[in-house]
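Here the structure comes first, spelled out in structure tokens, and everything after it is commentary.
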Amino acid sequence: FTKNRYKITRGNYNYLHEEHIHYFQNLLGESRIVMDLSDLEKYNVDWFNQVRGCSSIVLKPKTTEEVSNILRFCDLNKLAVCPQGGNTSVLGGSVPVFDEVIISTELMNEIVDLDEHSGVITCQAGCILENIDNYLETKGLIVPLDLGAKGTCHIGGNVSTNAGGMRLIQFGNMHGNILGIEAVKANGDVVDCLSTLKKDNTGYHLKHLFIGSEGTLGFVTKVALQCPARPKFRNVAFLGLQNFVKVLKTFKLLRQRLAEILSAVEVIDTPTMEFIKNVNSQNSPIGEYPFYLMIETSGSNERHDEEKLSGFFEEAIHKGLVLNGIVANEPAKIQKIWSVRENIANGFKARGSKMLQYDISLPFKDYYNIMEPIREYTKDVSETVFGFGHMGDGNLHLQIILKSDVTEKIRSKINDFVFEKILELKGSISAEHGIGLLKAKYMDKIKPQSSIKLMKSVKKLMDPNGILNPYKVLL
Ligand code: FAD
């Protein structure tokens, strides 16, 4: 219980006692506390069944004040906590490592305000991303973030992981779209940075401390999100290509010809398509090709957008860049094409620990060059190695599906090899999923000591007792 499979030793935290439980019961009432073993399961295990903790309590506050009281009490009593949103994190950041108290945002799901002039929505951290988007649709607005987990992930989790997703190429990331944050520090103090102004250059931009810090610096309770006008017209194209050189040339042409209406560029390789076929019984909508590109345009003038897309398509075929493709503009057809991409992750859940997944950024010239050495290195243990992802942002999701579970030693050796290759190619070992638990031990290798030193000082200042999401990000 004090040392787990990750060879992490339990920190010197208190264990949960009767008097702690009584305090939480008085604060929240019994109905907002989970202690039943079978009910605890879904909070202790991550989405992909890779990581398991053994917390014996989940707390479900509804207000910032309740979060503040919980944290103040935990800090005084040296109880470690694990903030949790939709628990869709990929790197074990959202589940406890030992017996941390889980604080879930499940019941913090109120929309506080919408300014229809500026498009700024203010809401509690536990609002589900898709619910926010459905609400915004009725107002002619859109959330500037779209990911496969949108029906489950919470906006607080999105902020805490600085989530990327499909629309980043058009709208940018959370650092650009989040105007304000309210968060609670480890000692219970509420930090009010909940500005809704687009421009506010007054002092340090503290909200950025909470964006992407994965629950290690504070508990996000409210966010103010800038939302653009909902594009009236969407087109999706699904293209088949012969090799990666042509994928790159097509991408360049796409940026030139579609410019401001280009809202997503996703790549899928052949082994990924085979995986999709096996897992979801879904075939490529255009037959088989070595590479596929999924492109989306979002704009406000139907004719203009369609002309741009068909102009691009004709030119790409004429130049021999694209071998085949289809275009759709009806919502049902668009959804069907998108489902090919969005359903890839369905198969990962069943694989659990028989899989290694990497979310990496690489310069475009080497984006796909990394695959071959990894296939070669893992050929004895892997069933298949495939790559897909948000190519428009230089972000590749590289997947190694293992023949059977491997020892922690082999897993570590493969990780070391992959990460070395990424660093050799001047890439990043985490493009959009963060560090969580699974990548924390690599921080020393990937960040300069000067950055790590400053990160540790910031952590010490914000959370001197280290109760917030221990064992994650910084070891
Ligand atoms: P959780 O998983 O619950 O938590 C994530 C981290 O944030 C944890 O460290 C947790 O402690 C912390 N946290 C959560 N809430 C708070 C809070 N209120 N205050 C402080 N800390 C908090 N990610 C992408 O970036 N792009 C994608 O395209 C993408 N696609 C995905 C597709 C699928 C099918 C799945 C399962 C995941 C995908 N992800 C993607 C990863 C994941 O969905 C995102 O990281 C998401 O932002 C996590 O939100 P969540 O509410 O589930 O957070």
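Letters for chains follow the order of the structure tokens (A, B, ...), residue numbers begin at 1 for each chain, and ligand numbers begin at 1 in the order shown.
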
(message) Considering only helix (DSSP H, G or I) as DSSP defines it on the backbone, what residues of segment 27-94 of chain A qualify? List them as a list in words.
(response)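 In segment 27-94 of chain A, DSSP puts these residues in helix (DSSP H, G or I): Leu27, Leu28, Glu30, Ser31, Arg32, Leu37, Ser38, Asp39, Leu40, Glu41, Lys42, Tyr43, Asn44, Thr64, Glu65, Glu66, Val67, Ser68, Asn69, Ile70, Leu71, Arg72, Phe73, Cys74, Asp75 and Leu76 of chain A.
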
Limited to N, CA and C atoms, could you put the picked residues into a file as an mmCIF file, in the first residue's frame?
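The result, stored in part27.cif:
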```
data_model
loop_
_atom_site.group_PDB
_atom_site.id
_atom_site.type_symbol
_atom_site.label_atom_id
_atom_site.label_comp_id
_atom_site.auth_asym_id
_atom_site.auth_seq_id
_atom_site.Cartn_x
_atom_site.Cartn_y
_atom_site.Cartn_z
ATOM 1 N N LEU A 27 -20.545 18.857 6.225
ATOM 2 C CA LEU A 27 -20.426 19.923 5.216
ATOM 3 C C LEU A 27 -21.332 19.653 4.004
ATOM 4 N N LEU A 28 -21.330 18.425 3.512
ATOM 5 C CA LEU A 28 -22.000 18.131 2.228
ATOM 6 C C LEU A 28 -23.288 17.315 2.387
ATOM 7 N N GLU A 30 -24.758 13.290 3.485
ATOM 8 C CA GLU A 30 -24.283 11.957 3.062
ATOM 9 C C GLU A 30 -24.464 11.704 1.574
ATOM 10 N N SER A 31 -25.507 12.349 0.980
ATOM 11 C CA SER A 31 -25.820 12.033 -0.425
ATOM 12 C C SER A 31 -24.748 12.549 -1.396
ATOM 13 N N ARG A 32 -23.898 13.455 -0.936
ATOM 14 C CA ARG A 32 -22.862 13.983 -1.844
ATOM 15 C C ARG A 32 -21.467 13.443 -1.496
ATOM 16 N N LEU A 37 -17.884 0.709 -1.926
ATOM 17 C CA LEU A 37 -16.764 0.180 -2.724
ATOM 18 C C LEU A 37 -17.067 0.110 -4.212
ATOM 19 N N SER A 38 -18.242 -0.423 -4.563
ATOM 20 C CA SER A 38 -18.528 -0.588 -5.996
ATOM 21 C C SER A 38 -18.764 0.770 -6.673
ATOM 22 N N ASP A 39 -19.360 1.719 -5.932
ATOM 23 C CA ASP A 39 -19.567 3.057 -6.511
ATOM 24 C C ASP A 39 -18.243 3.813 -6.675
ATOM 25 N N LEU A 40 -17.258 3.466 -5.840
ATOM 26 C CA LEU A 40 -15.968 4.169 -5.897
ATOM 27 C C LEU A 40 -15.164 3.795 -7.141
ATOM 28 N N GLU A 41 -15.435 2.590 -7.661
ATOM 29 C CA GLU A 41 -14.630 2.038 -8.758
ATOM 30 C C GLU A 41 -14.413 3.034 -9.902
ATOM 31 N N LYS A 42 -15.499 3.633 -10.399
ATOM 32 C CA LYS A 42 -15.343 4.484 -11.599
ATOM 33 C C LYS A 42 -14.517 5.754 -11.334
ATOM 34 N N TYR A 43 -14.397 6.119 -10.059
ATOM 35 C CA TYR A 43 -13.576 7.297 -9.731
ATOM 36 C C TYR A 43 -12.106 6.914 -9.514
ATOM 37 N N ASN A 44 -11.877 5.641 -9.192
ATOM 38 C CA ASN A 44 -10.512 5.177 -8.896
ATOM 39 C C ASN A 44 -9.759 4.701 -10.130
ATOM 40 N N THR A 64 -18.218 27.010 -4.754
ATOM 41 C CA THR A 64 -16.821 27.390 -4.507
ATOM 42 C C THR A 64 -16.538 27.371 -3.004
ATOM 43 N N GLU A 65 -17.519 27.844 -2.227
ATOM 44 C CA GLU A 65 -17.336 27.893 -0.765
ATOM 45 C C GLU A 65 -17.115 26.479 -0.212
ATOM 46 N N GLU A 66 -17.870 25.522 -0.732
ATOM 47 C CA GLU A 66 -17.687 24.134 -0.245
ATOM 48 C C GLU A 66 -16.295 23.610 -0.620
ATOM 49 N N VAL A 67 -15.846 23.928 -1.855
ATOM 50 C CA VAL A 67 -14.492 23.494 -2.259
ATOM 51 C C VAL A 67 -13.467 24.113 -1.319
ATOM 52 N N SER A 68 -13.670 25.393 -1.018
ATOM 53 C CA SER A 68 -12.747 26.110 -0.148
ATOM 54 C C SER A 68 -12.687 25.457 1.242
ATOM 55 N N ASN A 69 -13.872 25.122 1.791
ATOM 56 C CA ASN A 69 -13.893 24.479 3.127
ATOM 57 C C ASN A 69 -13.216 23.110 3.097
ATOM 58 N N ILE A 70 -13.464 22.363 2.021
ATOM 59 C CA ILE A 70 -12.857 21.020 1.912
ATOM 60 C C ILE A 70 -11.336 21.145 1.881
ATOM 61 N N LEU A 71 -10.853 22.052 1.027
ATOM 62 C CA LEU A 71 -9.396 22.153 0.878
ATOM 63 C C LEU A 71 -8.735 22.678 2.157
ATOM 64 N N ARG A 72 -9.379 23.666 2.775
ATOM 65 C CA ARG A 72 -8.795 24.200 4.019
ATOM 66 C C ARG A 72 -8.664 23.074 5.056
ATOM 67 N N PHE A 73 -9.720 22.261 5.153
ATOM 68 C CA PHE A 73 -9.721 21.152 6.126
ATOM 69 C C PHE A 73 -8.642 20.118 5.764
ATOM 70 N N CYS A 74 -8.564 19.784 4.466
ATOM 71 C CA CYS A 74 -7.576 18.771 4.038
ATOM 72 C C CYS A 74 -6.159 19.280 4.281
ATOM 73 N N ASP A 75 -5.942 20.561 4.018
ATOM 74 C CA ASP A 75 -4.607 21.131 4.206
ATOM 75 C C ASP A 75 -4.214 21.090 5.687
ATOM 76 N N LEU A 76 -5.166 21.498 6.549
ATOM 77 C CA LEU A 76 -4.873 21.502 7.994
ATOM 78 C C LEU A 76 -4.633 20.090 8.509
#
```

(request) Please identify the residues whose atoms come within 7 Å of ligand 1, using only C-alpha atoms and all ligand atoms, and report them as a ChimeraX atom specification. (result) /A:47,82-90,93-94,105,125-126,146-149,152-166,214-216,218-221,345-346,432-433,436,469

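Of note, atom CA of Ile400 of chain A and atom CA of Phe386 of chain A are spaced 6.7 Å apart.
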
(message) I'd like the contact shell of Leu253 of chain A - 12 Å cut-off, only C-alpha atoms, skipping same-chain residues fewer than 5 positions apart - returned as JSON, numbers by chain.
(response) {"A": [246, 247, 248, 258, 259, 262, 308, 309, 311, 312, 313, 314, 315, 316, 317, 319, 321, 322]}

Selection export as a compact mmCIF listing (two decimals), in the first residue's frame, atoms kept: C-alpha atoms:
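Ended up saving to part03.txt:
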```
# COMPACT_ATOMS: atom_id res chain seq x y z
CA LYS A 246 1.96 14.06 -50.56
CA VAL A 247 0.15 14.48 -47.24
CA LEU A 248 2.54 17.31 -46.40
CA LEU A 258 -8.76 27.41 -47.51
CA ALA A 259 -7.03 29.87 -45.16
CA LEU A 262 -9.93 25.73 -42.36
CA LYS A 308 -12.97 27.30 -52.02
CA LEU A 309 -13.14 23.63 -51.06
CA GLY A 311 -11.27 24.60 -55.99
CA PHE A 312 -8.76 23.05 -53.59
CA PHE A 313 -10.00 19.55 -54.34
CA GLU A 314 -9.68 19.96 -58.13
CA GLU A 315 -6.20 21.43 -57.80
CA ALA A 316 -5.05 18.64 -55.44
CA ILE A 317 -6.32 15.94 -57.81
CA LYS A 319 -1.44 18.01 -59.18
CA LEU A 321 -1.49 14.99 -54.56
CA VAL A 322 -4.80 13.35 -53.75
```

Nearby residues (only C-alpha atoms) at most 7 Å from Ser263 of chain A, same-chain spacing under 6 positions excluded, as an mmCIF file with N, CA and C atoms, in the first residue's frame:
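Listing of result06.cif after writing:
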```
data_model
loop_
_atom_site.group_PDB
_atom_site.id
_atom_site.type_symbol
_atom_site.label_atom_id
_atom_site.label_comp_id
_atom_site.auth_asym_id
_atom_site.auth_seq_id
_atom_site.Cartn_x
_atom_site.Cartn_y
_atom_site.Cartn_z
ATOM 1 N N ARG A 167 -10.379 21.660 -33.126
ATOM 2 C CA ARG A 167 -10.568 23.015 -33.688
ATOM 3 C C ARG A 167 -9.441 23.972 -33.346
ATOM 4 N N ILE A 169 -6.668 24.478 -34.631
ATOM 5 C CA ILE A 169 -6.073 25.139 -35.800
ATOM 6 C C ILE A 169 -6.826 26.432 -36.138
ATOM 7 N N GLN A 170 -8.134 26.465 -35.850
ATOM 8 C CA GLN A 170 -8.910 27.671 -36.158
ATOM 9 C C GLN A 170 -9.014 28.635 -34.966
ATOM 10 N N GLU A 296 -11.947 19.805 -42.360
ATOM 11 C CA GLU A 296 -13.225 20.470 -42.125
ATOM 12 C C GLU A 296 -13.072 21.957 -42.408
ATOM 13 N N THR A 297 -14.090 22.534 -43.041
ATOM 14 C CA THR A 297 -14.130 23.991 -43.156
ATOM 15 C C THR A 297 -15.344 24.491 -42.380
ATOM 16 N N SER A 298 -15.221 25.658 -41.767
ATOM 17 C CA SER A 298 -16.339 26.271 -41.042
ATOM 18 C C SER A 298 -16.351 27.743 -41.418
#
```

(request) Based on DSSP run over this structure's backbone, return all residues of segment 188-297 of chain A in strand (DSSP E), as JSON, numbers by chain. (result) {"A": [190, 191, 192, 193, 219, 220, 221, 222, 223, 224, 225, 226, 233, 234, 235, 236, 237, 238, 239, 240, 241, 262, 263, 264, 265, 266, 267, 268, 269, 291, 292, 293, 294, 295, 296, 297]}

Using only C-alpha atoms, which protein or nucleic acid residues come within 7 Å of segment 362-374 of chain A? Drop anything in the same chain fewer than 3 positions from it, and give the result as a short mmCIF file (atom, residue, chain, number, x, y, z; two decimals) with C-alpha atoms, in the first residue's frame.
```
data_model
loop_
_atom_site.label_atom_id
_atom_site.label_comp_id
_atom_site.auth_asym_id
_atom_site.auth_seq_id
_atom_site.Cartn_x
_atom_site.Cartn_y
_atom_site.Cartn_z
CA TYR A 377 12.30 -1.41 -32.05
CA THR A 378 9.02 -2.92 -30.81
CA GLY A 394 1.83 19.02 -35.77
CA ASN A 395 0.27 16.69 -33.17
CA VAL A 418 10.34 6.67 -28.02
CA LEU A 425 13.68 15.21 -33.72
CA LYS A 426 13.13 18.33 -31.58
CA GLY A 427 9.57 17.40 -30.69
CA SER A 428 7.55 17.38 -27.47
#
```

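The nearest approach to Glu383 of chain A among the residues A:Phe275, A:Tyr13, A:Tyr23, A:Phe233, with only C-alpha atoms taken into account, belongs to A:Phe275.
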
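Closest approach to Lys349 of chain A among A:Val245, A:Met273, A:Met455, A:Ile401: A:Ile401, based on only C-alpha atoms.
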
(message) Show me, as a PyMOL selection string, the residues that have an atom within 8 Å of Val112 of chain A when counting only C-alpha atoms, minus same-chain residues fewer than 5 positions from it.
(response) chain A and resi 121-124

Now that the selection is made, can you save its residues with C-alpha atoms as a PDB file, in the first residue's frame?
```
ATOM      1  CA  ILE A 121     -19.781  32.403 -21.118  1.00  0.00           C
ATOM      2  CA  THR A 122     -19.105  32.073 -17.401  1.00  0.00           C
ATOM      3  CA  CYS A 123     -19.784  28.678 -15.893  1.00  0.00           C
ATOM      4  CA  GLN A 124     -18.859  26.318 -13.100  1.00  0.00           C
TER       5      GLN A 124
END
```
